[in-house]
$ cat coords_35.csv   # CSV, C-alpha atoms and all ligand atoms
chain,number,residue,atom,x,y,z
A,1,MET,CA,-109.7,109.4,104.2
A,2,ILE,CA,-113.5,108.8,104.4
A,3,SER,CA,-114.0,105.1,103.9
A,4,GLY,CA,-117.2,103.7,102.7
A,5,ASN,CA,-117.6,102.0,106.0
A,6,LEU,CA,-117.5,105.2,108.0
A,7,GLU,CA,-120.0,106.7,105.7
A,8,SER,CA,-122.5,103.9,106.1
A,9,ASP,CA,-121.9,104.0,109.9
A,10,ARG,CA,-122.8,107.7,109.7
A,11,LEU,CA,-126.0,107.1,107.7
A,12,LYS,CA,-126.9,104.3,110.2
A,13,MET,CA,-126.3,106.7,113.1
A,14,VAL,CA,-128.8,109.2,111.6
A,15,GLU,CA,-131.4,106.5,111.1
A,16,THR,CA,-131.1,104.7,114.4
A,17,GLN,CA,-130.1,107.4,116.9
A,18,ILE,CA,-131.5,110.6,115.4
A,19,LYS,CA,-134.5,109.9,113.3
A,20,ALA,CA,-135.6,107.1,115.5
A,21,ARG,CA,-135.7,109.5,118.5
A,22,GLY,CA,-138.0,111.9,116.6
A,23,ILE,CA,-135.6,114.5,115.0
A,24,GLU,CA,-137.3,115.5,111.8
A,25,ASN,CA,-135.7,118.8,110.7
A,26,ARG,CA,-134.4,118.2,107.2
A,27,LEU,CA,-131.5,120.6,107.6
A,28,VAL,CA,-130.4,119.0,110.8
A,29,LEU,CA,-130.6,115.5,109.3
A,30,GLU,CA,-128.7,116.5,106.1
A,31,ALA,CA,-125.9,118.1,108.1
A,32,LEU,CA,-125.5,115.1,110.4
A,33,LYS,CA,-125.3,112.8,107.3
A,34,LYS,CA,-122.6,115.0,105.8
A,35,VAL,CA,-120.2,116.1,108.5
A,36,PRO,CA,-117.4,113.4,109.0
A,37,ARG,CA,-117.7,113.0,112.8
A,38,HIS,CA,-114.7,110.6,112.8
A,39,VAL,CA,-112.4,113.5,111.8
A,40,PHE,CA,-113.4,115.3,115.1
A,41,VAL,CA,-112.5,112.5,117.5
A,42,PRO,CA,-109.0,111.4,118.5
A,43,PRO,CA,-107.6,108.7,116.3
A,44,ASP,CA,-107.9,106.1,119.1
A,45,TYR,CA,-111.7,106.7,119.1
A,46,SER,CA,-112.4,106.8,115.4
A,47,ASP,CA,-114.0,103.3,115.5
A,48,SER,CA,-116.5,104.7,118.0
A,49,ALA,CA,-117.1,108.0,116.2
A,50,TYR,CA,-120.6,107.0,115.3
A,51,ALA,CA,-121.5,105.4,118.6
A,52,ASP,CA,-124.5,106.6,120.6
A,53,ARG,CA,-122.4,108.5,123.3
A,54,PRO,CA,-120.1,111.4,124.0
A,55,LEU,CA,-116.4,110.7,123.5
A,56,PRO,CA,-113.3,112.2,125.2
A,57,ILE,CA,-111.4,114.8,123.1
A,58,GLY,CA,-108.5,115.4,125.5
A,59,LEU,CA,-107.9,118.0,128.2
A,60,GLY,CA,-110.8,116.7,130.2
A,61,GLN,CA,-113.4,117.7,127.5
A,62,THR,CA,-115.8,115.7,125.4
A,63,ILE,CA,-117.5,115.8,122.0
A,64,SER,CA,-121.3,115.5,122.7
A,65,GLN,CA,-123.4,112.5,121.8
A,66,PRO,CA,-124.7,112.8,118.2
A,67,TYR,CA,-128.3,112.9,119.5
A,68,MET,CA,-127.5,115.8,121.8
A,69,VAL,CA,-126.0,117.8,118.9
A,70,ALA,CA,-129.1,117.0,116.9
A,71,ILE,CA,-131.6,118.1,119.5
A,72,MET,CA,-129.7,121.3,120.3
A,73,THR,CA,-129.5,122.2,116.7
A,74,GLU,CA,-133.2,121.3,116.0
A,75,THR,CA,-134.2,123.4,119.0
A,76,MET,CA,-132.7,126.5,117.4
A,77,ASN,CA,-135.3,126.3,114.6
A,78,LEU,CA,-132.7,127.4,112.0
A,79,GLU,CA,-133.6,128.3,108.4
A,80,GLY,CA,-130.2,129.0,106.9
A,81,HIS,CA,-129.8,132.8,106.9
A,82,GLU,CA,-128.7,133.0,110.5
A,83,LYS,CA,-125.6,134.1,112.4
A,84,VAL,CA,-125.1,131.8,115.3
A,85,LEU,CA,-122.8,132.0,118.3
A,86,GLU,CA,-121.5,128.7,119.9
A,87,VAL,CA,-119.9,128.7,123.3
A,88,GLY,CA,-117.6,125.7,123.7
A,89,THR,CA,-115.9,124.9,120.4
A,90,GLY,CA,-114.4,121.7,121.7
A,91,SER,CA,-113.6,119.5,118.7
A,92,GLY,CA,-115.5,121.8,116.3
A,93,TYR,CA,-118.1,119.2,115.4
A,94,GLN,CA,-121.2,121.2,116.5
A,95,ALA,CA,-119.7,124.3,114.7
A,96,ALA,CA,-119.4,122.2,111.5
A,97,ILE,CA,-123.0,121.0,111.8
A,98,LEU,CA,-124.1,124.7,112.2
A,99,ALA,CA,-121.8,125.8,109.4
A,100,GLU,CA,-123.6,123.3,107.1
A,101,ILE,CA,-126.9,125.0,107.9
A,102,VAL,CA,-126.4,128.7,108.5
A,103,ASP,CA,-124.6,131.6,106.9
A,104,HIS,CA,-122.1,132.3,109.7
A,105,VAL,CA,-120.9,130.7,112.9
A,106,VAL,CA,-118.9,132.4,115.7
A,107,SER,CA,-117.5,129.9,118.1
A,108,LEU,CA,-115.7,130.5,121.4
A,109,GLU,CA,-113.3,128.2,123.3
A,110,ARG,CA,-111.4,128.9,126.5
A,111,VAL,CA,-108.7,126.1,126.0
A,112,PRO,CA,-106.1,127.3,123.4
A,113,GLU,CA,-105.1,123.8,122.3
A,114,LEU,CA,-108.7,122.9,121.5
A,115,ALA,CA,-109.4,126.2,119.8
A,116,ASP,CA,-106.3,125.8,117.6
A,117,ALA,CA,-107.0,122.1,116.7
A,118,ALA,CA,-110.6,122.8,115.9
A,119,ALA,CA,-109.7,125.8,113.7
A,120,GLU,CA,-107.2,123.8,111.7
A,121,ARG,CA,-109.7,120.9,111.3
A,122,LEU,CA,-112.5,123.2,110.1
A,123,ARG,CA,-110.1,124.9,107.7
A,124,GLU,CA,-108.9,121.5,106.3
A,125,LEU,CA,-112.5,120.5,105.8
A,126,GLY,CA,-113.2,123.8,103.9
A,127,TYR,CA,-115.6,125.5,106.4
A,128,ALA,CA,-115.0,129.1,105.5
A,129,ASN,CA,-118.0,130.4,107.4
A,130,VAL,CA,-116.8,129.6,111.0
A,131,GLU,CA,-114.7,132.0,113.1
A,132,ILE,CA,-113.2,130.7,116.3
A,133,HIS,CA,-112.2,133.0,119.1
A,134,LEU,CA,-110.2,132.2,122.2
A,135,GLY,CA,-111.8,133.5,125.4
A,136,ASP,CA,-114.5,133.2,128.1
A,137,GLY,CA,-117.7,132.5,126.2
A,138,SER,CA,-119.8,132.9,129.3
A,139,GLU,CA,-119.6,136.6,128.5
A,140,GLY,CA,-120.6,136.0,124.9
A,141,TYR,CA,-118.9,137.9,122.1
A,142,ALA,CA,-120.4,141.4,121.9
A,143,ALA,CA,-118.2,142.4,119.0
A,144,ARG,CA,-120.3,140.3,116.6
A,145,ALA,CA,-123.7,140.6,118.4
A,146,PRO,CA,-126.6,140.4,117.9
A,147,TYR,CA,-127.0,136.7,117.1
A,148,ASP,CA,-130.1,134.9,115.8
A,149,ALA,CA,-129.2,132.0,118.0
A,150,ILE,CA,-126.7,131.1,120.7
A,151,VAL,CA,-125.9,127.5,121.7
A,152,VAL,CA,-123.9,126.8,124.8
A,153,THR,CA,-122.3,123.3,124.8
A,154,ALA,CA,-121.2,123.3,128.4
A,155,GLY,CA,-123.3,123.2,131.6
A,156,ALA,CA,-124.0,126.5,133.4
A,157,PRO,CA,-125.1,127.1,137.0
A,158,GLU,CA,-127.6,129.6,135.7
A,159,ILE,CA,-128.6,131.5,132.5
A,160,PRO,CA,-126.0,134.2,131.8
A,161,GLY,CA,-128.0,137.4,131.2
A,162,VAL,CA,-125.3,138.8,129.1
A,163,LEU,CA,-125.9,136.0,126.5
A,164,VAL,CA,-129.6,136.8,126.4
A,165,ASP,CA,-128.7,140.5,125.8
A,166,GLN,CA,-126.7,139.4,122.7
A,167,LEU,CA,-129.7,137.9,121.0
A,168,ALA,CA,-131.4,139.6,118.1
A,169,ASP,CA,-135.2,140.1,118.3
A,170,GLY,CA,-136.7,136.7,117.9
A,171,GLY,CA,-133.4,135.1,118.9
A,172,ARG,CA,-133.1,132.0,121.0
A,173,LEU,CA,-130.5,130.8,123.5
A,174,ILE,CA,-130.0,127.0,124.1
A,175,ILE,CA,-128.1,126.2,127.2
A,176,PRO,CA,-127.8,123.3,129.7
A,177,VAL,CA,-128.5,124.6,133.2
A,178,GLY,CA,-128.0,122.7,136.4
A,179,ASN,CA,-125.2,121.2,138.6
A,180,SER,CA,-122.1,119.2,137.6
A,181,PHE,CA,-123.9,115.9,137.5
A,182,GLN,CA,-126.9,116.8,135.4
A,183,GLN,CA,-128.5,119.7,133.7
A,184,THR,CA,-131.7,120.6,131.9
A,185,LEU,CA,-131.5,121.7,128.3
A,186,THR,CA,-133.1,125.2,128.4
A,187,ARG,CA,-134.3,127.5,125.6
A,188,VAL,CA,-134.7,131.2,126.1
A,189,THR,CA,-136.5,133.1,123.4
A,190,VAL,CA,-136.6,136.9,123.2
A,191,ARG,CA,-139.3,138.6,121.2
A,192,ASP,CA,-140.4,142.3,121.5
A,193,GLY,CA,-138.4,142.6,124.7
A,194,GLU,CA,-140.2,139.6,126.3
A,195,ARG,CA,-138.2,136.6,127.5
A,196,LYS,CA,-139.8,133.1,127.4
A,197,THR,CA,-137.9,130.3,129.1
A,198,GLU,CA,-138.7,126.6,128.3
A,199,LYS,CA,-137.2,123.5,130.0
A,200,LEU,CA,-136.6,120.8,127.4
A,201,GLU,CA,-134.9,117.7,128.5
A,202,GLY,CA,-132.2,116.3,130.9
A,203,CYS,CA,-128.6,116.3,129.8
A,204,VAL,CA,-125.0,116.0,131.0
A,205,PHE,CA,-122.3,118.4,129.9
A,206,VAL,CA,-118.8,119.4,131.1
A,207,PRO,CA,-118.9,122.6,133.1
A,208,LEU,CA,-119.0,126.1,131.6
A,209,ILE,CA,-116.0,127.7,133.3
A,210,GLY,CA,-115.9,131.5,133.4
A,211,LYS,CA,-117.2,134.8,134.8
A,212,PHE,CA,-120.9,133.8,134.3
A,213,GLY,CA,-120.3,130.0,134.6
A,214,TRP,CA,-118.5,128.0,137.3
A,215,GLY,CA,-115.3,129.4,139.0
A,216,GLU,CA,-112.0,128.1,137.8
A,217,CYS,CA,-111.2,126.3,141.1
A,218,GLU,CA,-114.8,125.7,142.1
A,219,THR,CA,-116.1,122.1,142.3
A,220,PRO,CA,-119.6,122.4,141.0
A,221,ASP,CA,-122.1,120.4,142.9
B,301,LIG,N1,-119.3,121.6,121.1
B,301,LIG,C1,-118.2,120.8,121.3
B,301,LIG,C2,-118.2,120.0,122.6
B,301,LIG,C3,-118.0,120.9,123.7
B,301,LIG,S1,-117.4,120.3,125.2
B,301,LIG,C4,-118.0,119.8,120.2
B,301,LIG,O1,-118.9,119.8,119.3
B,301,LIG,O2,-117.0,119.0,120.2
B,301,LIG,C5,-117.4,121.9,126.1
B,301,LIG,C6,-116.3,122.8,125.6
B,301,LIG,O3,-116.6,124.1,126.3
B,301,LIG,C7,-115.0,122.4,126.1
B,301,LIG,O4,-114.1,122.4,125.0
B,301,LIG,C8,-114.6,123.5,127.1
B,301,LIG,O5,-113.2,123.8,127.1
B,301,LIG,C9,-115.4,124.7,126.6
B,301,LIG,N2,-115.7,125.7,127.6
B,301,LIG,C10,-116.0,125.6,128.9
B,301,LIG,N3,-116.2,126.8,129.5
B,301,LIG,C11,-116.0,127.7,128.5
B,301,LIG,C12,-116.1,129.1,128.4
B,301,LIG,N4,-116.4,129.9,129.5
B,301,LIG,N5,-115.9,129.7,127.2
B,301,LIG,C13,-115.6,129.0,126.1
B,301,LIG,N6,-115.5,127.6,126.1
B,301,LIG,C14,-115.7,127.0,127.3
$ encode --input "coords_35.csv" --output "structure tokens" --more "lines below"
Ligand code: SAH
Amino acid sequence: MISGNLESDRLKMVETQIKARGIENRLVLEALKKVPRHVFVPPDYSDSAYADRPLPIGLGQTISQPYMVAIMTETMNLEGHEKVLEVGTGSGYQAAILAEIVDHVVSLERVPELADAAAERLRELGYANVEIHLGDGSEGYAARAPYDAIVVTAGAPEIPGVLVDQLADGGRLIIPVGNSFQQTLTRVTVRDGERKTEKLEGCVFVPLIGKFGWGECETPD
């Protein structure tokens, strides 16, 4: 049930955490106003669903802070016709935000329980334009490439070249790059075979674990 209270909390979140920090993209703001974030957090945390911070979603993973979802989405410069790849489905919240904006979302998750729960949640909410696949997203998902945009919602030690290779011409990859304590949100844009890399802002994400991320047993430092 979406209570009036939760809806007003959500609108307040958009005003005080998102617009107040300079996010202006109308599609991003509308999507954040619409997606019921409280449905994506564990019941124990639904009171904090609209708080200005990441929250645990179980299995050592987190749903990102709303502002981080907003900045990553705005940075993709989406118009609506795109096919987007997300690496790190987690709760499915970022996938839902993308699904509100673009034509099609492909999202990859390595933890089966999270992938299943997110798929069910998105189905119940009626998002028919999201496909979730289980697997190592550090390798991307070549079967559905090329993508207009790729967003990685876990921290990588470096930019996986294989993800850049799955971008369409004009495509952009948004990825946190750094160590386990902190990363820099980075945007790679590919146009006419040229790659442009921009460092955006500091961030903290759980590690991207996989072939082109951190090793399974490795303690990133
Ligand atoms: N976007 C999510 C938050 C992601 S947390 C949301 O909106 O809720 C990061 C997620 O990335 C975790 O669920 C973690 O299991 C997943 N992950 C880490 N490495 C991965 C990989 N190589 N491939 C796919 N998913 C990965």
$ atom_distance --input "coords_35.csv" --atom1 "CA of Glu30 (chain A)" --atom2 "CA of Ser91 (chain A)"
19.9 Å
$ residues_around --input "coords_35.csv" --residues "Gly80 (chain A)" --least-positions-apart "2" --cutoff "10 Å" --atoms "all atoms listed in the file" --output "list in words"
Leu27, Asn77, Leu78, Glu82, Lys83, Leu98, Ala99, Glu100, Ile101, Val102, Asp103 and His104 of chain A
$ closest_residue --input "coords_35.csv" --among "A:Val204, A:Leu185, A:Ala31, A:Leu114" --to "ligand LIG 301 (chain B)" --atoms "all atoms listed in the file"
A:Leu114
$ residues_near_ligand --input "coords_35.csv" --ligand "ligand LIG 301 (chain B)" --cutoff "7 Å" --atoms "all atoms listed in the file" --output "PyMOL selection string"
chain A and resi 61-64+87-95+108-111+114+135-138+153-154+206-210+213
$ residues_around --input "coords_35.csv" --residues "region 141-143 of chain A" --least-positions-apart "5" --cutoff "10 Å" --atoms "all atoms listed in the file" --output "ChimeraX atom specification"
/A:85-87,106-108,133,135-136,162-163,165-167
$ atom_distance --input "coords_35.csv" --atom1 "CA of Glu201 (chain A)" --atom2 "CA of Gly155 (chain A)"
13.2 Å
$ closest_atom_pairs --input "coords_35.csv" --of "region 66-170 of chain A" --to "region 52-56 of chain A" --cutoff "10 Å" --atoms "all atoms listed in the file" --output "Markdown table"
| residue | atom | partner | partner_atom | distance |
| --- | --- | --- | --- | --- |
| A:Pro66 | CA | A:Asp52 | CA | 6.7 |
| A:Tyr67 | CA | A:Asp52 | CA | 7.4 |
| A:Met68 | CA | A:Pro54 | CA | 8.9 |
| A:Ser91 | CA | A:Pro56 | CA | 9.8 |
$ atom_distance --input "coords_35.csv" --atom1 "CA of Trp214 (chain A)" --atom2 "CA of Gly202 (chain A)"
19.1 Å
$ closest_residue --input "coords_35.csv" --among "A:Ala118, A:Glu24, A:Asp169, A:Ile175" --to "Val190 (chain A)" --atoms "all atoms listed in the file"
A:Asp169
$ closest_residue --input "coords_35.csv" --among "A:Gly170, A:Pro157, A:Pro42, A:Gly58" --to "Lys196 (chain A)" --atoms "only C-alpha atoms"
A:Gly170
$ build_atoms --input "coords_35.csv" --residues "region 59-75 of chain A" --atoms "N, CA and C atoms" --output "PDB file, keeping the file's coordinate frame"
ATOM      1  N   LEU A  59    -107.809 116.887 127.284  1.00  0.00           N
ATOM      2  CA  LEU A  59    -107.900 118.000 128.200  1.00  0.00           C
ATOM      3  C   LEU A  59    -109.174 118.037 129.016  1.00  0.00           C
ATOM      4  N   GLY A  60    -109.668 116.826 129.304  1.00  0.00           N
ATOM      5  CA  GLY A  60    -110.800 116.700 130.200  1.00  0.00           C
ATOM      6  C   GLY A  60    -112.158 117.055 129.518  1.00  0.00           C
ATOM      7  N   GLN A  61    -112.149 117.252 128.195  1.00  0.00           N
ATOM      8  CA  GLN A  61    -113.400 117.700 127.500  1.00  0.00           C
ATOM      9  C   GLN A  61    -113.954 116.581 126.652  1.00  0.00           C
ATOM     10  N   THR A  62    -115.150 116.781 126.178  1.00  0.00           N
ATOM     11  CA  THR A  62    -115.800 115.700 125.400  1.00  0.00           C
ATOM     12  C   THR A  62    -116.491 116.331 124.141  1.00  0.00           C
ATOM     13  N   ILE A  63    -116.657 115.470 123.140  1.00  0.00           N
ATOM     14  CA  ILE A  63    -117.500 115.800 122.000  1.00  0.00           C
ATOM     15  C   ILE A  63    -118.877 115.185 122.383  1.00  0.00           C
ATOM     16  N   SER A  64    -119.947 115.956 122.226  1.00  0.00           N
ATOM     17  CA  SER A  64    -121.300 115.500 122.700  1.00  0.00           C
ATOM     18  C   SER A  64    -121.766 114.312 121.882  1.00  0.00           C
ATOM     19  N   GLN A  65    -122.671 113.571 122.502  1.00  0.00           N
ATOM     20  CA  GLN A  65    -123.400 112.500 121.800  1.00  0.00           C
ATOM     21  C   GLN A  65    -124.084 113.030 120.582  1.00  0.00           C
ATOM     22  N   PRO A  66    -124.076 112.287 119.467  1.00  0.00           N
ATOM     23  CA  PRO A  66    -124.700 112.800 118.200  1.00  0.00           C
ATOM     24  C   PRO A  66    -126.149 113.293 118.466  1.00  0.00           C
ATOM     25  N   TYR A  67    -126.924 112.523 119.221  1.00  0.00           N
ATOM     26  CA  TYR A  67    -128.300 112.900 119.500  1.00  0.00           C
ATOM     27  C   TYR A  67    -128.414 114.279 120.161  1.00  0.00           C
ATOM     28  N   MET A  68    -127.485 114.529 121.086  1.00  0.00           N
ATOM     29  CA  MET A  68    -127.500 115.800 121.800  1.00  0.00           C
ATOM     30  C   MET A  68    -127.223 116.974 120.857  1.00  0.00           C
ATOM     31  N   VAL A  69    -126.267 116.755 119.944  1.00  0.00           N
ATOM     32  CA  VAL A  69    -126.000 117.800 118.900  1.00  0.00           C
ATOM     33  C   VAL A  69    -127.223 118.013 118.069  1.00  0.00           C
ATOM     34  N   ALA A  70    -127.889 116.915 117.711  1.00  0.00           N
ATOM     35  CA  ALA A  70    -129.100 117.000 116.900  1.00  0.00           C
ATOM     36  C   ALA A  70    -130.201 117.787 117.561  1.00  0.00           C
ATOM     37  N   ILE A  71    -130.475 117.447 118.820  1.00  0.00           N
ATOM     38  CA  ILE A  71    -131.600 118.100 119.500  1.00  0.00           C
ATOM     39  C   ILE A  71    -131.307 119.563 119.758  1.00  0.00           C
ATOM     40  N   MET A  72    -130.046 119.873 120.103  1.00  0.00           N
ATOM     41  CA  MET A  72    -129.700 121.300 120.300  1.00  0.00           C
ATOM     42  C   MET A  72    -129.853 122.082 119.041  1.00  0.00           C
ATOM     43  N   THR A  73    -129.440 121.470 117.942  1.00  0.00           N
ATOM     44  CA  THR A  73    -129.500 122.200 116.700  1.00  0.00           C
ATOM     45  C   THR A  73    -130.959 122.322 116.219  1.00  0.00           C
ATOM     46  N   GLU A  74    -131.753 121.259 116.374  1.00  0.00           N
ATOM     47  CA  GLU A  74    -133.200 121.300 116.000  1.00  0.00           C
ATOM     48  C   GLU A  74    -133.910 122.384 116.783  1.00  0.00           C
ATOM     49  N   THR A  75    -133.581 122.443 118.063  1.00  0.00           N
ATOM     50  CA  THR A  75    -134.200 123.400 119.000  1.00  0.00           C
ATOM     51  C   THR A  75    -134.015 124.834 118.617  1.00  0.00           C
TER      52      THR A  75
END
